[in-house]
Every structure is written in C-alpha cells, then in structure tokens.
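These notes concern the structure reproduced below.
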Amino acid sequence: MNNICISIGMHDSSVTIIKDRKIVAHIIEERHSHHKHDCPPCLSMTKIKDYIDKVDRISFADLFPNYTDFTPYIKILEHFSGLCFPNTQYNKSLHNLIETPIHTDHHDLHAICGFAHSGFDQSLVVVMDGAGSTYSFGKENQTIYEISKDYIHVLEKNIVGDGSPVVDYSTPERDIPEYVNPETNIGAGYAYSAVSESCGFGSLECGKVMGLSAYGQPDDRLPTLLSIDSGGNYTFTLQRDQRWTWMGPTECYLNDRYRMVEAENIAYRIQKDYEKYLIYTCKKALSISKSRTKNLILTGGCALNCVANYKLLKELPDDVNLYVEPVSDDCGVSIGGAIKLDKESYGFFGNNLKLDNLYLGGQLEYDYQLMGNNEIEYDAEPENIAEIISLGNIVAIAQGRSEIGPRALGNRSILFDPRNPKGQEIVNQVKKREYFRPFAGTVLKEYAKEWFDMDKLDESPFMMYAVDVLPEKKDQIPSIIHVDGTCRIQTVTSEQNKNYYDLISEFYKLTGVPILFNTSFNLAGDTMVETIDDAFYTLRNSQINYMYLPEIGKLIQIN
C-alpha cells in the first residue's frame with residue numbers, strides 16, 4: 001500500500017511517501033526551488049512519480065484548510081505527475097476532499113514523527129515551536145504528550161497570548177480542555193524568533209542567533225527576556241520597538257564586528273533564558289507523566305537548538321532516555337501525517353520506523369559534462385581525497401540520496417581539515433557566511449569519546465548536540481571548536497555511510513585525527529545541493545576547487 005502526505009504549510013513544505021509501511025522518500029520543496037523554507041510543495045509533488053506509480057491513500061497537512069483550494073494540488077498530482085488516485089474525490093464547491101484526511105493537528109504530527117523515529121514503545125514528547133494549530137481556544141505554541149503505538153494523549157498545551165486567560169472564542173461559556181494551560185504566553189519559539197528578527201536575521205533563522213550567542217556576555221542593560229514565574233508560565237520582555245534602541249538599522253550592521261556587540265549580548269541573553277526554560281519544561285514533563293516512562297522525545301522547531309539540547313542532556317537524570325528528532329522543523333510534518341495515515345490503515349503507529357539514517361532525499365545522478373579546460377576529472381580513492389584535504393584544500397562530497405532535515409551528513413557536504421586554526425574564517429568566507437557561524441565535525445564513532453564529552457550519548461549520528469571538546473584535544477581541531485568550547489558533532493559508522501567513513505579513516509591514518517570538518521554543500525542564502533547540476537553550479541560560483549564523487553570514484557577539479 002502506498003500512502004502519501006503533502007504538507008502545504010506556511011513554510012518548509014514537503015511530501016512524504018510510505019510504501020508497504022516503510023518511508024521510501026521525503027521530498028523537501030526548498031531543495032528543488034532553491035528558496036529557503038519554501039512553500040507550497042508544487043515541485044515536490046512532481047517528484048512523487050520517481051518513487052511510486054500509484055497512490056492508495058493521500059492526505060494533506062494544512063493549518064488553514066478552510067482557506068485552501070486543493071484543486072491545484074490534485075491537478076498536479078493527477079496530470080503533471082501522471083499518478084492515479086482512484087479513491088480521491090474532490091468537491092470544489094465545498095473546498096473539501098471526500099474521504100481524504102486533512103491533518104490540522106500540527107503538534108500531533110511533530111509528536112508522531114518523533115515517536116516513530118525514536119524506536120521507543122512508549123514515551124513523553126515535548127513539542128516546542130513558534131506556533132502550531134489554531135483551536136477555538138487559541139493557537140498552540142507548546143504541547144506535552146504521552147504516546148505509544150496505540151494512542152497519543154495530550155498532557156499539557158500552551159496557547160499563544162499576552163498572559164491573559166484562555167477563552168473558547170466559539171463558545172465563551174464552554175470550559176476549555178483541562179490539559180490547556182489557563183493563561184496564555186508568548187512561547188519560547190516566538191520569543192527566540194523575535195530576537196532573531198531583531199538581530200536582522202529574519203524570524204526563521206534562529207540558528208544564527210544560537211551561533212552568535214557564544215560571542216555575547218551578561219549585560220546589565222538587558223532584562224531576562226524569557227522568564228518563568230512561580231506557576232510555570234513564561235513571559236517575553238523584549239518589545240518590538242526596542243530593537244531600534246539597541247540595534248539601530250540592523251540590516252546595515254550585520255557584517256560590522258564593532259556594531260554587532262549589542263546583538264551578541266541579546267543573543268547570549270535569549271540563549272541562556274531558553275536553555276533554562278527547556279530544562280524546566282522537560283523536567284516538568286517527566287513529573288506529570290501518568291505512565292512514569294523514562295523515555296523523552298524533543299521535537300518542533302526549537303529542538304534544532306543543539307547547544308541547548310546538550311545542556312538538557314547533562315541536566316536530565318541518568319535513567320532518562322532522551323531522543324531529539326532530527327527532522328523537527330516543519331518539513332517533518334508530512335512524515336507525521338503519512339505515519340498517521342498509515343495508522344488508520346493498520347491500527348497502530350509505525351514504531352517500526354526507527355531512524356537509522358537520514359538519506360531519504362533524491363538520488364544523485366551522474367549525468368554531467370565538464371566545461372572548458374579548467375575543469376578536470378580524475379580517478380580517485382579515499383586516500384587521495386584525504387591527502388588533498390590535509391594539504392589545506394576545501395573538498396565537497398556528493399553521493400547517494402540527499403540528507404533530509406537541515407544537517408549535512410556526508411552525502412551533500414563541504415569538507416575541510418579541522419586542524420587548520422583559521423578554518424572557520426576561511427570556510428565562512430568561501431561560503432559567504434557571517435564571521436560568527438560555527439562548523440560541525442564528523443567523527444568515527446569508535447573514537448568519539450576520546451575527543452568529546454559525550455555525557456550519556458553513545459553516538460550522535462544526526463548532529464543534534466553541540467558537545468564539549470575534551471580540553472586535551474582542543475589544540476588539535478581548532479577550526480571546528482566554537483568560542484564556547486563546543487562542537488556540533490556527527491558520529492559515523494561504516495554501516496551508516498561507508499564511503500564517508502572510509503574517507504575519514506584515511507584522514508585518520510594520515511594525520512592521527514579521526515575527524516573531518518563538515519558543513520552543508522551550499523553557499524549562504526542557497527539551500528543544500530540536491531542534484532549534480534546543483535553541485536556544479538555551486539562549484540562554478542565559489543572558490544571550492546574540488547568535488548569528490550565516491551560512488552563512481554571520481555574527483556572533479558575546477559581551477
């Protein structure tokens with residue numbers, strides 16, 4: 001049986017295909033349009049035919065279905081994609097899909113996605129983002145669930161607002177559900193996004209604030225931005241017009257180190273406040289669990305804060321099993337929708353979908369032509385590439401199916417020597433990124449604990465934690481250590497990614513360092529490379545001179 005879910009969304013649209021109870025593809029719109037956080041998923045839908053030739057069941061994820069005309073989506077699916085939908089009927093006059101589910105339960109879908117990927121039989125789930133679904137009593141910004149393969153129960157839900165009481169606007173005299181926090185609040189996601197916007201990055205670029213925060217310091221002029229009162233409610237104190245007092249015209253100051261000092265301190269403040277709030281919320285979730293489970297899942301857009309995730313890991317009791325969902329942004333909503341649709345067919349959530357890898361995007365096809373005498377192709381083995389990197393060269397790697405989620409994990413990556421003390425500066429200039437943006441490291445799993453403080457982690461295959469580098473190792477990998485002494489890491493095994501593992505192993509033999517500097521294969525402002533054409537376009541418009549294609553044993557050099 002082929003089930004698909006199409007997430008229309010306000011940003012980060014995607015399509016997920018489940019075939020015979022397995023996810024066979026997750027197609028992200030921005031990878032094909034090259035517009036970050038793009039929607040709706042028109043180009044993604046045209047790729048469905050690459051994986052299946054018929055659809056048995058279809059569903060849509062949409063926050064505002066009453067305002068959506070689904071006709072264009074059905075037409076694209078039926079005609080442009082050449083797919084057949086025998087059980088799908090569309091009543092245009094009612095704006096309604098007959099017998100076709102429309103998922104409006106945004107946080108539920110995040111929770112279902114995380115649960116299925118975790119492999120847990122039962123778990124608590126904390127979903128934390130800017131905002132999700134709108135109910136008669138308001139718009140959600142945080143939900144705590146208890147979930148198993150048979151059920152999903154809401155334990156607590158927070159509603160967006162200014163601290164006023166929650167009211168059911170459709171029927172004011174009706175009591176709101178008992179799991180809804182009776183007082184509204186701005187929400188951790190909105191608070192962090194507001195700081196991102198105040199810093200001039202845009203509301204969806206919170207990762208830049210996280211990177212910048214390490215350069216900040218306590219500032220007496222700044223109040224606590226995200227505070228928790230005795231009742232567990234939290235408030236956000238930054239007013240919209242204050243950004244002009246602190247920042248000036250922010251868009252003019254982004255690349256000016258002197259002018260960024262104020263923004264650094266604001267970023268520092270919100271990051272520290274968010275870390276405290278995250279730890280408080282997750283411990284609260286454990287305390288209100290009815291099953292007393294020790295399994296905890298974190299998802300929603302806030303779960304991408306890998307610095308805070310590590311602080312949470314270290315604060316949780318040793319007997320708590322933490323899983324941070326790697327596809328926790330809104331791209332993952334279609335995964336939750338497809339799994340929920342699958343449950344309606346089979347009667348239980350797909351906890352057999354435990355995530356082993358994130359290589360569920362498009363397959364790289366090697367149909368390309370070199371241009372001019374300055375583009376040369378060589379036969380190459382991993383040891384050749386390791387030597388080129390060790391000599392101070394940037395090498396892109398492209399292979400197999402692309403990674404889903406926002407992290408590059410060795411199939412669409414840019415690699416560099418982590419020993420180079422100026423590596424962060426060099427690669428940020430090549431990628432045309434801000435000076436403060438840190439880089440990740442990919443380490444052979446068997447050596448991870450010799451280089452990093454892994455705390456309770458045996459591995460970190462999806463790069464969801466920024467961990468402390470062991471003091472005695474800091475001098476050996478300076479280019480991937482952020483100013484706070486941390487590094488966002490990916491552990492890798494031969495089973496997870498043999499070509500990438502073999503390359504790092506050769507680098508280890510050559511240098512004694514079992515780690516490569518890793519960042520996404522793209523330039524600032526563009527999305528991660530998806531196709532071979534994308535890869536060549538990036539090379540030809542940058543100072544990256546090498547690309548390794550390990551599946552066909554080729555090295556491309558562009559002079």
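Following the order of the structure tokens, first chain is A, next is B, and so on, with residues numbered from 1 inside each chain and ligands from 1 in the order they appear.
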
(request) Select from stretch 119-178 of chain A everything DSSP, run on the backbone, classes as strand (DSSP E or B), then give the selection as an MDAnalysis selection string. (result) chainID A and resid 122:128 134:135 138:148 152:160 165

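Residue neighbourhood of A:Leu322, excluding near-sequence residues (fewer than 3 positions): Asn295, Leu296 and Ile297 of chain A, at 7 Å, using only C-alpha atoms.
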
For the selection you just gave me, I'd like the residues written to a file as a PDB file, in the first residue's frame, keeping N, CA and C atoms.
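Below you can see result-v6.pdb, which holds the result:
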ATOM      1  N   ASN A 295      11.360   7.587  28.959  1.00  0.00           N
ATOM      2  CA  ASN A 295      11.706   7.950  27.592  1.00  0.00           C
ATOM      3  C   ASN A 295      11.169   9.345  27.286  1.00  0.00           C
ATOM      4  N   LEU A 296      12.002  10.192  26.712  1.00  0.00           N
ATOM      5  CA  LEU A 296      11.623  11.575  26.429  1.00  0.00           C
ATOM      6  C   LEU A 296      12.058  11.953  25.023  1.00  0.00           C
ATOM      7  N   ILE A 297      11.124  12.514  24.264  1.00  0.00           N
ATOM      8  CA  ILE A 297      11.395  12.966  22.894  1.00  0.00           C
ATOM      9  C   ILE A 297      11.214  14.471  22.841  1.00  0.00           C
TER      10      ILE A 297
END

(request) For A:Ala308, list every protein, DNA or RNA residue within 9 Å, evaluated using only C-alpha atoms, and leave out those in the same chain fewer than 5 positions away; present the list as a PyMOL selection string. (result) chain A and resi 271-272+274-276+278-279+303+313+465-466

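Residues surrounding A:Asp533 within 12 Å are His32, Leu364, Glu365, Tyr366, Asp367, Tyr368, Gln369, Leu370, Ala398, Thr538, Leu539 and Arg540 of chain A [only C-alpha atoms; sequence separation below 5 positions excluded].
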
Please produce a file of those selected residues containing all heavy atoms, as a CSV table (one decimal), in the first residue's frame.
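And here's out_30.csv as it stands now:
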chain,number,residue,atom,x,y,z
A,32,HIS,N,14.4,21.9,-4.2
A,32,HIS,CA,14.1,21.9,-5.7
A,32,HIS,C,13.9,23.3,-6.2
A,32,HIS,O,14.2,23.6,-7.3
A,32,HIS,CB,12.9,21.0,-6.0
A,32,HIS,CG,13.1,19.6,-5.6
A,32,HIS,ND1,13.9,18.7,-6.4
A,32,HIS,CD2,12.8,18.9,-4.5
A,32,HIS,CE1,14.0,17.5,-5.7
A,32,HIS,NE2,13.3,17.6,-4.6
A,364,LEU,N,21.5,11.0,-6.2
A,364,LEU,CA,22.3,11.7,-7.1
A,364,LEU,C,22.5,10.9,-8.4
A,364,LEU,O,22.9,9.8,-8.4
A,364,LEU,CB,23.7,11.9,-6.5
A,364,LEU,CG,24.6,13.0,-7.1
A,364,LEU,CD1,24.0,14.4,-6.9
A,364,LEU,CD2,26.0,12.9,-6.5
A,365,GLU,N,22.3,11.6,-9.6
A,365,GLU,CA,22.5,11.0,-10.9
A,365,GLU,C,23.8,11.7,-11.5
A,365,GLU,O,24.0,12.9,-11.4
A,365,GLU,CB,21.3,11.3,-11.8
A,365,GLU,CG,20.0,10.8,-11.2
A,365,GLU,CD,19.9,9.3,-11.2
A,365,GLU,OE1,20.7,8.6,-11.9
A,365,GLU,OE2,19.0,8.7,-10.5
A,366,TYR,N,24.6,10.8,-12.1
A,366,TYR,CA,25.9,11.3,-12.6
A,366,TYR,C,25.9,11.6,-14.1
A,366,TYR,O,26.8,11.2,-14.9
A,366,TYR,CB,26.9,10.3,-12.3
A,366,TYR,CG,27.1,10.0,-10.8
A,366,TYR,CD1,26.4,9.0,-10.2
A,366,TYR,CD2,27.8,10.9,-10.0
A,366,TYR,CE1,26.4,8.8,-8.8
A,366,TYR,CE2,27.8,10.8,-8.6
A,366,TYR,CZ,27.2,9.7,-8.0
A,366,TYR,OH,27.2,9.5,-6.7
A,367,ASP,N,24.9,12.4,-14.5
A,367,ASP,CA,24.8,12.9,-15.9
A,367,ASP,C,25.3,14.3,-15.9
A,367,ASP,O,24.6,15.3,-15.6
A,367,ASP,CB,23.4,12.8,-16.3
A,367,ASP,CG,23.2,13.2,-17.8
A,367,ASP,OD1,24.2,13.4,-18.5
A,367,ASP,OD2,22.0,13.4,-18.2
A,368,TYR,N,26.6,14.5,-16.3
A,368,TYR,CA,27.2,15.8,-16.3
A,368,TYR,C,28.2,15.9,-17.4
A,368,TYR,O,28.7,14.9,-17.9
A,368,TYR,CB,27.8,16.1,-14.9
A,368,TYR,CG,28.9,15.2,-14.5
A,368,TYR,CD1,30.2,15.5,-14.9
A,368,TYR,CD2,28.7,14.1,-13.7
A,368,TYR,CE1,31.3,14.7,-14.5
A,368,TYR,CE2,29.7,13.3,-13.3
A,368,TYR,CZ,31.0,13.5,-13.7
A,368,TYR,OH,32.0,12.7,-13.4
A,369,GLN,N,28.5,17.2,-17.7
A,369,GLN,CA,29.6,17.5,-18.7
A,369,GLN,C,30.5,18.5,-18.1
A,369,GLN,O,30.0,19.5,-17.6
A,369,GLN,CB,29.0,17.9,-20.0
A,369,GLN,CG,28.3,16.8,-20.8
A,369,GLN,CD,27.8,17.3,-22.2
A,369,GLN,OE1,27.7,18.5,-22.4
A,369,GLN,NE2,27.6,16.4,-23.1
A,370,LEU,N,31.8,18.3,-18.2
A,370,LEU,CA,32.7,19.3,-17.8
A,370,LEU,C,32.8,20.5,-18.8
A,370,LEU,O,32.6,20.3,-20.0
A,370,LEU,CB,34.1,18.7,-17.6
A,370,LEU,CG,34.2,17.5,-16.7
A,370,LEU,CD1,35.6,17.0,-16.6
A,370,LEU,CD2,33.7,17.9,-15.3
A,398,ALA,N,29.7,14.6,-2.7
A,398,ALA,CA,28.3,14.4,-3.1
A,398,ALA,C,28.1,12.9,-3.5
A,398,ALA,O,28.9,12.4,-4.3
A,398,ALA,CB,27.9,15.3,-4.3
A,538,THR,N,27.2,25.3,-7.8
A,538,THR,CA,27.8,25.8,-6.5
A,538,THR,C,29.4,25.9,-6.7
A,538,THR,O,30.0,26.9,-6.4
A,538,THR,CB,27.5,24.9,-5.3
A,538,THR,OG1,26.1,24.8,-5.2
A,538,THR,CG2,28.1,25.5,-4.1
A,539,LEU,N,29.9,24.8,-7.3
A,539,LEU,CA,31.4,24.9,-7.5
A,539,LEU,C,31.8,26.0,-8.5
A,539,LEU,O,32.8,26.7,-8.2
A,539,LEU,CB,31.8,23.5,-8.2
A,539,LEU,CG,31.8,22.3,-7.3
A,539,LEU,CD1,32.3,21.1,-8.1
A,539,LEU,CD2,32.7,22.4,-6.1
A,540,ARG,N,31.0,26.2,-9.5
A,540,ARG,CA,31.4,27.2,-10.5
A,540,ARG,C,31.2,28.6,-10.1
A,540,ARG,O,31.6,29.6,-10.7
A,540,ARG,CB,30.6,26.9,-11.8
A,540,ARG,CG,31.1,25.7,-12.5
A,540,ARG,CD,30.1,25.1,-13.5
A,540,ARG,NE,30.6,23.9,-14.2
A,540,ARG,CZ,29.8,23.1,-14.9
A,540,ARG,NH1,28.5,23.3,-15.0
A,540,ARG,NH2,30.3,22.0,-15.4

(request) Could you give me, as a list in words, the residues within 12 Å of A:Gly216, counting only C-alpha atoms and dropping anything in the same chain fewer than 3 positions from it? (result) Val209, Met210, Gly211, Leu212, Ser213, Asp219, Leu222, Met260, Val261, Glu262, Ala263, Glu264, Asn265, Ile266, Ala267, Tyr268, Arg269, Ile270, Gln271, Lys272, Phe436, Val483 and Asp484 of chain A

(request) Considering only C-alpha atoms, return as number ranges by chain whatever protein or nucleic-acid residues lie within 12 Å of A:Ser460, sequence-local ones (same chain, fewer than 3 positions apart) excluded. (result) A: 306, 309-310, 322-326, 356-357, 409, 440-446, 448-449, 452-457, 463-467, 487-493, 496

(request) Just list the residues in stretch 96-332 of chain A DSSP gives alpha helix (DSSP H) on the backbone, as JSON, numbers by chain. (result) {"A": [106, 107, 108, 109, 110, 111, 112, 113, 114, 115, 116, 117, 118, 188, 189, 190, 191, 192, 193, 194, 195, 196, 197, 198, 206, 207, 208, 209, 210, 211, 212, 213, 242, 243, 244, 245, 246, 247, 261, 262, 263, 264, 265, 266, 267, 268, 269, 270, 271, 272, 273, 274, 275, 276, 277, 278, 279, 280, 281, 282, 283, 284, 285, 286, 287, 288, 306, 307, 308, 309, 310, 311, 312, 313, 314, 315]}

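Taking atom CA of A:Ala380 as the reference point, atom CA of A:Asn545 is found at 15.0 Å.
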
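If you measure from each of A:Ile144, A:Ser44, A:Ile102, A:Met528 to A:Ile404 using only C-alpha atoms, the closest one turns out to be A:Met528.
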
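Using only C-alpha atoms, the protein and nucleic acid residues lying no more than 9 Å from A:Lys294, apart from those fewer than 6 places from it along its own chain, are Ser123, Leu124, Leu286, Asp319, Val320, Asn321 and Leu322 of chain A.
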
Write a file of the selected residues as a compact mmCIF listing (two decimals), in the first residue's frame, keeping all heavy atoms.
# COMPACT_ATOMS: atom_id res chain seq x y z
N SER A 123 6.54 6.82 25.23
CA SER A 123 7.40 7.96 25.52
C SER A 123 6.58 9.20 25.83
O SER A 123 5.40 9.31 25.47
CB SER A 123 8.29 8.26 24.30
OG SER A 123 9.19 9.31 24.58
N LEU A 124 7.23 10.13 26.52
CA LEU A 124 6.77 11.50 26.59
C LEU A 124 7.31 12.23 25.37
O LEU A 124 8.39 11.91 24.88
CB LEU A 124 7.29 12.18 27.86
CG LEU A 124 6.70 11.71 29.18
CD1 LEU A 124 7.60 12.13 30.33
CD2 LEU A 124 5.30 12.28 29.37
N LEU A 286 8.41 15.10 32.67
CA LEU A 286 8.67 13.85 33.38
C LEU A 286 7.86 13.76 34.67
O LEU A 286 7.39 12.68 35.04
CB LEU A 286 10.17 13.72 33.69
CG LEU A 286 11.08 13.51 32.47
CD1 LEU A 286 12.53 13.76 32.83
CD2 LEU A 286 10.91 12.09 31.92
N ASP A 319 18.76 7.96 34.31
CA ASP A 319 17.86 6.91 33.83
C ASP A 319 16.87 7.39 32.77
O ASP A 319 16.00 6.63 32.33
CB ASP A 319 17.09 6.28 35.00
CG ASP A 319 16.23 7.29 35.76
OD1 ASP A 319 16.40 8.50 35.54
OD2 ASP A 319 15.39 6.86 36.57
N VAL A 320 16.99 8.66 32.33
CA VAL A 320 16.10 9.20 31.31
C VAL A 320 16.76 9.03 29.94
O VAL A 320 17.92 9.39 29.74
CB VAL A 320 15.78 10.68 31.56
CG1 VAL A 320 15.00 11.28 30.38
CG2 VAL A 320 14.99 10.84 32.84
N ASN A 321 16.01 8.48 29.00
CA ASN A 321 16.48 8.28 27.63
C ASN A 321 15.96 9.41 26.76
O ASN A 321 14.76 9.50 26.50
CB ASN A 321 15.98 6.94 27.09
CG ASN A 321 16.35 5.77 27.96
OD1 ASN A 321 17.52 5.57 28.28
ND2 ASN A 321 15.36 4.99 28.38
N LEU A 322 16.86 10.28 26.32
CA LEU A 322 16.48 11.44 25.52
C LEU A 322 16.69 11.16 24.04
O LEU A 322 17.76 10.73 23.63
CB LEU A 322 17.30 12.67 25.93
CG LEU A 322 17.07 13.95 25.11
CD1 LEU A 322 15.64 14.46 25.26
CD2 LEU A 322 18.07 15.03 25.51

(request) Find, counting only C-alpha atoms, the residue in A:Ala194, A:Val333, A:Leu204, A:Leu549 that gets nearest to A:Ile27. (result) A:Val333

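Between A:Ala111 and the candidates A:Ile23, A:Cys206, A:Ile8, A:Val327, the tightest atom-to-atom separation, counting only C-alpha atoms, involves A:Val327.
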
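Distance check against A:Lys54 using only C-alpha atoms: of A:Arg437, A:Pro223, A:Ile481, A:Ile17, the minimum falls on A:Ile17.
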
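Considering the residues A:Ile48, A:Glu381, A:Asp220, A:Gly525 and counting only C-alpha atoms, A:Glu205 has its shortest atom-to-atom contact with A:Gly525.
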
(request) Rank nothing, just name the residue among A:Pro382, A:Ser291, A:Asp69, A:Val160 nearest to A:Gln122, using only C-alpha atoms. (result) A:Ser291
